[in-house]
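Peer 1: The structure is given below, and queries will be raised subsequently.
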Amino acid sequence: MKCLALIASILLLAGCASGPRFDTSHPSVNYDSRIQFVVVHYTSASLERSLALLTHGEVSSHYLIGDDDKATIYKLIDENQRAWHAGESEWEGRTWLNSSSIGIEIVNPGFKDTPTGRLWYPYSEAQTQALIVLLKDICQRNGINPRNIIGHSDIAPLRKLDPGPLFPWKRLADAGLGVWPNAQTVARYQAQFASQPPSISWFQNELARLGYSTPQTGELDVATRHVLAAFQMRYRPSRFDGNPDAESAAILQTLNQTK
């Protein structure tokens, strides 16, 4: 009897050690990917420095696109893991986007200030092509809506400027990776808004509809200027001063009509 009891105990312990047993014959259809967004950044550093910071520093990203002739794509973190690239952030009411996004860093100096003004650095054609290929792959595998490809400045407009005004947002949209306002529609609305400018409350509401975390104060406060400047930098990079104008209103109206 003692022998049988010992055997039973061993079998019981073995069962516990192997973990719980699951019945997987009833899979639910009610789910989607935990990954909802892709956030694009520039590194403001060389390739060597970027790799060091992203692998042994306090920040990280899932991918890094280099600035060599082939624009090598470095995979730094598995997509199932959370990278620390977004920080305090918000888009479409979701906060702290590290938990729901994939981060892509691109080696680019960002900008430098000169006596004649701020100089922004362009992205190479190789980097743009590599990014398009990578984004298509990520969106296809994770079921990400291309509208949810966003910049760091979109989700943190009070503290971030990347990926900057020279980032090829229209090229991405032309490749099916995002949205871009129709020029004819913008021109039609711009003529309308030129004669009857919308209020600050209208701008704040439309920016929030598009996804930006925007104060709803009815006043052109500092935060609203930053948000409007981030929007302009993405969709009208020729001027992103944060001042409300007819063209910005027309672009906003056009984009929100396509949602």
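Lettering and numbering for the structure tokens are positional, with chains as A, B, ... in the shown order, residues counted from 1 in each chain, and ligands counted from 1 in the shown order.
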Using backbone DSSP assignments, extract all strand (DSSP E or B) residues from segment 21-148 of chain A; output them as a PyMOL selection string.
Peer 2: chain A and resi 37-42+63-65+73-75+90-91+94-95+101-106+111-114+117-120
Peer 1: Pick out the residues sitting within 10 Å of Lys160 of chain A, and hand them over as a ChimeraX atom specification; count only C-alpha atoms, and ignore anything fewer than 6 positions along from it in its own chain.
Peer 2: /A:41,86,151-154,226,230
Peer 1: Based on the selection just made, write C-alpha atoms of those residues as a compact mmCIF listing (two decimals), in the first residue's frame.
Peer 2:
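Writing done, so here's selection_9.txt:
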```txt
# COMPACT_ATOMS: atom_id res chain seq x y z
CA HIS A 41 11.18 57.96 -35.01
CA ALA A 86 7.02 56.02 -27.13
CA GLY A 151 5.08 59.66 -35.86
CA HIS A 152 6.53 60.30 -32.43
CA SER A 153 5.52 63.95 -32.80
CA ASP A 154 1.90 62.87 -33.41
CA HIS A 226 2.11 72.37 -30.39
CA ALA A 230 2.72 68.60 -35.26
```
Peer 1: List the spatial neighbours of segment 127-136 of chain A as a list in words - criterion: any atom at most 7 Å away, only C-alpha atoms, same-chain residues fewer than 5 positions off excluded.
Peer 2: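 In the requested format, the answer is Ile65, Asp67, Ala71 and Leu172 of chain A.
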Peer 1: Gln190 of chain A: which residues within 12 Å, counting only C-alpha atoms, same-chain residues fewer than 3 positions away excluded, as a PyMOL selection string?
Peer 2: chain A and resi 183-187+193-198+245-254
Peer 1: Neighbours of Gln140 of chain A within 12 Å (only C-alpha atoms; same-chain residues fewer than 6 positions away dropped), as a short mmCIF file (atom, residue, chain, number, x, y, z; two decimals) with N, CA and C atoms, in the first residue's frame?
Peer 2:
```cif
data_model
loop_
_atom_site.label_atom_id
_atom_site.label_comp_id
_atom_site.auth_asym_id
_atom_site.auth_seq_id
_atom_site.Cartn_x
_atom_site.Cartn_y
_atom_site.Cartn_z
N SER A 33 -5.25 41.86 -32.78
CA SER A 33 -3.86 41.92 -32.35
C SER A 33 -3.68 42.93 -31.22
N ILE A 35 -1.10 44.58 -31.00
CA ILE A 35 -0.38 45.65 -31.68
C ILE A 35 -1.34 46.41 -32.57
N GLN A 36 -1.58 47.67 -32.27
CA GLN A 36 -2.53 48.49 -33.01
C GLN A 36 -1.86 49.61 -33.80
N VAL A 133 8.95 48.57 -47.28
CA VAL A 133 8.92 47.11 -47.25
C VAL A 133 8.64 46.61 -45.83
N LEU A 134 9.30 47.21 -44.85
CA LEU A 134 9.12 46.79 -43.46
C LEU A 134 7.70 47.06 -42.98
N PRO A 146 -3.42 50.87 -41.89
CA PRO A 146 -2.36 51.80 -42.32
C PRO A 146 -2.52 53.21 -41.75
N GLY A 176 0.16 52.95 -50.02
CA GLY A 176 -0.92 52.30 -49.28
C GLY A 176 -0.67 52.24 -47.79
N LEU A 177 0.26 53.06 -47.31
CA LEU A 177 0.63 53.03 -45.90
C LEU A 177 0.27 54.34 -45.22
#
```
